file start09.cif (mmCIF, C-alpha atoms)
data_start
#
loop_
_atom_site.label_atom_id
_atom_site.label_comp_id
_atom_site.auth_asym_id
_atom_site.auth_seq_id
_atom_site.Cartn_x
_atom_site.Cartn_y
_atom_site.Cartn_z
CA MET E 1 6.73 -26.92 2.86
CA ILE E 2 6.02 -24.45 5.66
CA HIS E 3 6.15 -25.88 9.17
CA ALA E 4 3.81 -24.61 11.88
CA ARG E 5 6.04 -24.37 14.97
CA ALA E 6 3.48 -22.90 17.33
CA ARG E 7 0.23 -21.05 17.11
CA ALA E 8 0.78 -18.37 14.43
CA VAL E 9 4.50 -19.17 14.16
CA PHE E 10 5.66 -20.54 10.83
CA GLN E 11 9.09 -21.70 9.72
CA PHE E 12 10.02 -21.59 6.06
CA PRO E 13 12.53 -24.20 4.86
CA HIS E 14 13.73 -21.66 2.26
CA PRO E 15 12.99 -18.27 3.84
CA PRO E 16 11.75 -15.64 1.40
CA ARG E 17 13.68 -12.40 1.28
CA ILE E 18 12.92 -8.81 0.53
CA ILE E 19 14.85 -7.68 -2.54
CA SER E 20 13.41 -4.19 -2.89
CA TYR E 21 11.11 -1.69 -1.24
CA ALA E 22 9.76 1.76 -1.91
CA SER E 23 7.82 4.39 -0.04
CA VAL E 24 5.89 7.31 -1.45
CA VAL E 25 4.15 9.74 0.90
CA GLY E 26 2.26 13.00 0.96
CA GLN E 27 3.60 16.43 1.87
CA LYS E 28 2.60 16.30 5.56
CA GLU E 29 4.49 13.01 6.05
CA GLY E 30 7.50 14.41 4.22
CA GLU E 31 7.59 17.33 6.65
CA GLY E 32 7.63 14.98 9.65
CA PRO E 33 10.63 13.57 11.53
CA PHE E 34 11.01 10.65 9.08
CA GLY E 35 10.72 12.83 5.97
CA SER E 36 14.23 12.05 4.73
CA CYS E 37 13.57 8.29 4.99
CA PHE E 38 10.96 8.18 2.19
CA ASP E 39 11.82 7.52 -1.44
CA HIS E 40 9.49 10.21 -2.75
CA VAL E 41 7.41 12.97 -1.18
CA GLU E 42 4.54 14.05 -3.43
CA GLU E 43 3.64 17.71 -3.06
CA ASP E 44 0.33 17.34 -4.95
CA ALA E 45 -2.25 15.73 -2.63
CA HIS E 46 -4.24 14.72 -5.72
CA PHE E 47 -1.24 12.93 -7.30
CA GLY E 48 -2.35 14.49 -10.59
CA GLN E 49 -5.82 12.91 -10.37
CA LYS E 50 -9.39 14.26 -10.12
CA THR E 51 -10.54 12.44 -6.96
CA TRP E 52 -8.97 11.34 -3.68
CA GLU E 53 -9.67 7.71 -4.52
CA GLN E 54 -7.91 8.04 -7.87
CA ALA E 55 -5.05 9.77 -6.04
CA GLU E 56 -4.66 6.74 -3.79
CA SER E 57 -4.65 4.43 -6.82
CA ALA E 58 -1.91 6.54 -8.43
CA LEU E 59 0.02 6.56 -5.15
CA GLN E 60 0.03 2.77 -4.94
CA GLN E 61 0.94 2.24 -8.61
CA GLN E 62 3.78 4.77 -8.36
CA THR E 63 5.16 2.98 -5.30
CA VAL E 64 5.08 -0.48 -6.91
CA ARG E 65 6.73 0.84 -10.07
CA LEU E 66 9.47 2.49 -7.98
CA ALA E 67 10.13 -0.72 -6.01
CA LEU E 68 10.42 -2.71 -9.25
CA LYS E 69 12.75 -0.11 -10.77
CA LYS E 70 15.03 -0.20 -7.72
CA CYS E 71 15.65 -3.95 -8.17
CA ALA E 72 15.63 -3.92 -12.00
CA LEU E 73 12.52 -6.12 -12.30
CA THR E 74 9.66 -5.67 -14.73
CA ASP E 75 5.95 -6.36 -14.41
CA GLY E 76 6.52 -9.69 -16.18
CA ASP E 77 8.90 -10.84 -13.43
CA ILE E 78 6.17 -10.70 -10.78
CA THR E 79 3.94 -13.71 -10.09
CA CYS E 80 1.43 -11.91 -7.89
CA ILE E 81 0.71 -8.67 -6.05
CA CYS E 82 -0.72 -8.95 -2.54
CA ALA E 83 -1.97 -5.51 -1.57
CA GLY E 84 -4.77 -3.53 -0.02
CA ASP E 85 -5.95 -0.15 1.17
CA LEU E 86 -8.65 1.40 3.35
CA ILE E 87 -11.22 2.06 0.62
CA ASN E 88 -14.22 -0.26 0.15
CA GLN E 89 -13.22 -3.66 -1.26
CA CYS E 90 -9.63 -2.55 -1.98
CA THR E 91 -10.84 -0.19 -4.69
CA GLY E 92 -7.70 1.96 -4.68
CA SER E 93 -5.42 -1.06 -5.01
CA THR E 94 -7.55 -2.77 -7.64
CA TYR E 95 -7.74 0.22 -9.97
CA GLY E 96 -4.23 1.44 -9.25
CA LEU E 97 -2.53 -1.88 -9.91
CA ARG E 98 -4.74 -3.11 -12.76
CA PRO E 99 -2.65 -1.40 -15.48
CA LEU E 100 0.35 -3.53 -14.41
CA GLU E 101 -1.52 -6.67 -15.59
CA ILE E 102 -0.11 -8.76 -12.74
CA PRO E 103 -2.37 -11.23 -10.87
CA PHE E 104 -3.71 -9.43 -7.79
CA LEU E 105 -4.86 -10.66 -4.38
CA GLY E 106 -6.77 -7.92 -2.58
CA ILE E 107 -6.08 -7.99 1.15
CA TYR E 108 -7.94 -5.92 3.70
CA GLY E 109 -6.84 -5.88 7.29
CA ALA E 110 -6.94 -2.13 8.01
CA CYS E 111 -3.77 -1.46 10.03
CA SER E 112 -2.53 -5.02 9.53
CA THR E 113 -2.75 -5.02 5.72
CA MET E 114 1.01 -4.75 5.19
CA ALA E 115 1.79 -7.58 7.61
CA LEU E 116 -0.90 -9.74 5.98
CA SER E 117 0.42 -8.93 2.50
CA LEU E 118 3.95 -9.91 3.51
CA GLY E 119 2.73 -13.15 5.11
CA VAL E 120 0.61 -14.19 2.13
CA GLY E 121 3.41 -13.23 -0.28
CA ALA E 122 5.93 -15.28 1.71
CA MET E 123 3.64 -18.30 1.62
CA LEU E 124 3.16 -17.90 -2.15
CA ILE E 125 6.94 -17.80 -2.61
CA ASP E 126 7.30 -20.95 -0.52
CA ALA E 127 4.61 -22.59 -2.68
CA GLY E 128 6.60 -21.86 -5.84
CA ALA E 129 5.81 -18.30 -6.92
CA LYS E 130 8.86 -16.65 -8.48
CA CYS E 131 8.46 -13.16 -7.08
CA CYS E 132 5.64 -11.35 -5.25
CA VAL E 133 4.92 -7.75 -4.39
CA ALA E 134 3.44 -6.93 -0.98
CA GLY E 135 1.96 -3.50 -0.52
CA THR E 136 -0.55 -1.24 1.12
CA SER E 137 -1.64 2.37 0.98
CA SER E 138 -3.80 4.97 2.62
CA HIS E 139 -4.69 8.51 1.70
CA PHE E 140 -5.82 10.95 4.36
CA CYS E 141 -8.60 12.41 2.23
CA SER E 142 -10.09 9.13 1.00
CA SER E 143 -9.93 7.76 4.56
CA GLU E 144 -11.72 10.82 5.93
CA ARG E 145 -14.52 10.26 3.42
CA GLN E 146 -14.65 6.55 4.23
CA PHE E 147 -14.42 6.58 8.02
CA ARG E 148 -14.89 10.03 9.48
CA PHE E 149 -16.04 13.35 8.08
CA PRO E 150 -15.74 14.10 4.36
CA LEU E 151 -13.52 17.11 3.85
CA GLU E 152 -16.00 18.59 1.42
CA ASP E 153 -18.47 18.93 4.34
CA GLY E 154 -16.16 21.61 5.78
CA GLY E 155 -16.27 20.33 9.36
CA GLN E 156 -13.79 21.54 11.95
CA ARG E 157 -11.28 18.92 13.14
CA PRO E 158 -10.70 18.86 16.89
CA PRO E 159 -7.02 18.96 17.91
CA SER E 160 -7.26 15.37 19.17
CA ALA E 161 -8.58 13.98 15.88
CA GLN E 162 -6.69 11.13 14.22
CA TRP E 163 -4.79 11.77 11.02
CA THR E 164 -4.48 8.89 8.58
CA VAL E 165 -1.19 8.84 6.72
CA THR E 166 -0.99 9.51 3.00
CA GLY E 167 1.50 6.92 1.90
CA ALA E 168 2.27 3.60 0.30
#
call {"tool": "encode", "arguments": {"input": "start09.cif", "output": "structure tokens"}}
result
Amino acid sequence: MIHARARAVFQFPHPPRIISYASVVGQKEGEGPFGSCFDHVEEDAHFGQKTWEQAESALQQQTVRLALKKCALTDGDITCICAGDLINQCTGSTYGLRPLEIPFLGIYGACSTMALSLGVGAMLIDAGAKCCVAGTSSHFCSSERQFRFPLEDGGQRPPSAQWTVTGA
């Protein structure tokens, strides 16, 4: 059983461990200073899909499949996926991960989604889950539509504008 040691500090009697990871990013991220650190850089911003939202779903599914491949696990080895994204009600995660047929907990915390996914996954492992996946994603174009100025509007971006990563 998990012990609360202080406010927001938990101790696991049998600490969970990370057995695999994967990262898939867009072209802009691949051209950055950490470009060589990513598992895969996708040149097609649409990830072979028709919409930005579908692209984000494909991005997340591709990343989970890669992480499972790297540790020789299959979909059937996973108890639960804890994941989220920046689209309304975790739409990208829900549709992207649904084909895996693994129980899914949608987590939305914006920038904290990955930390929340890891925390919830760790607690599930401590409670008896065999293996969990923790993940998150964002896609620049779907985020622009959701939070800022849809690209199809053709607005000019000021030099100081934020740029949401395309990655999972």
call {"tool": "resolve_selection", "arguments": {"input": "start09.cif", "expression": "the PyMOL selection byres ((chain E and resi 16-22) around 12)", "output": "number ranges by chain"}}
result
E: 2, 11-15, 23-25, 37-41, 59-73, 118-137, 167-168
call {"tool": "resolve_selection", "arguments": {"input": "start09.cif", "expression": "the PyMOL selection byres ((chain E and resi 46) around 10)", "output": "list of chain:residue names"}}
result
E:Gly26, E:Glu42, E:Glu43, E:Asp44, E:Ala45, E:Phe47, E:Gly48, E:Gln49, E:Lys50, E:Thr51, E:Trp52, E:Glu53, E:Gln54, E:Ala55, E:Glu56, E:Ala58, E:Leu59, E:His139, E:Cys141
call {"tool": "atom_distance", "arguments": {"input": "start09.cif", "atom1": "CA of Leu100 (chain E)", "atom2": "CA of Ser57 (chain E)"}}
result
12.1 Å
call {"tool": "atom_distance", "arguments": {"input": "start09.cif", "atom1": "CA of Ser138 (chain E)", "atom2": "CA of Thr79 (chain E)"}}
result
23.9 Å
call {"tool": "atom_distance", "arguments": {"input": "start09.cif", "atom1": "CA of Gly92 (chain E)", "atom2": "CA of Met114 (chain E)"}}
result
14.8 Å
call {"tool": "resolve_selection", "arguments": {"input": "start09.cif", "expression": "the PyMOL selection byres ((chain E and resi 94) around 9)", "output": "PyMOL selection string"}}
result
chain E and resi 57+83-84+89-93+95-98+104-106
call {"tool": "residues_around", "arguments": {"input": "start09.cif", "residues": "Gln146 (chain E)", "least_positions_apart": "2", "cutoff": "8 Å", "atoms": "all atoms listed in the file", "output": "JSON list (two decimals) with C-alpha atoms, in the coordinates of the input"}}
result
[["chain", "number", "residue", "atom", "x", "y", "z"],
["E", 86, "LEU", "CA", -8.65, 1.40, 3.35],
["E", 87, "ILE", "CA", -11.22, 2.06, 0.62],
["E", 88, "ASN", "CA", -14.22, -0.26, 0.15],
["E", 142, "SER", "CA", -10.09, 9.13, 1.00],
["E", 143, "SER", "CA", -9.93, 7.76, 4.56],
["E", 144, "GLU", "CA", -11.72, 10.82, 5.93],
["E", 148, "ARG", "CA", -14.89, 10.03, 9.48],
["E", 149, "PHE", "CA", -16.04, 13.35, 8.08],
["E", 150, "PRO", "CA", -15.74, 14.10, 4.36]]
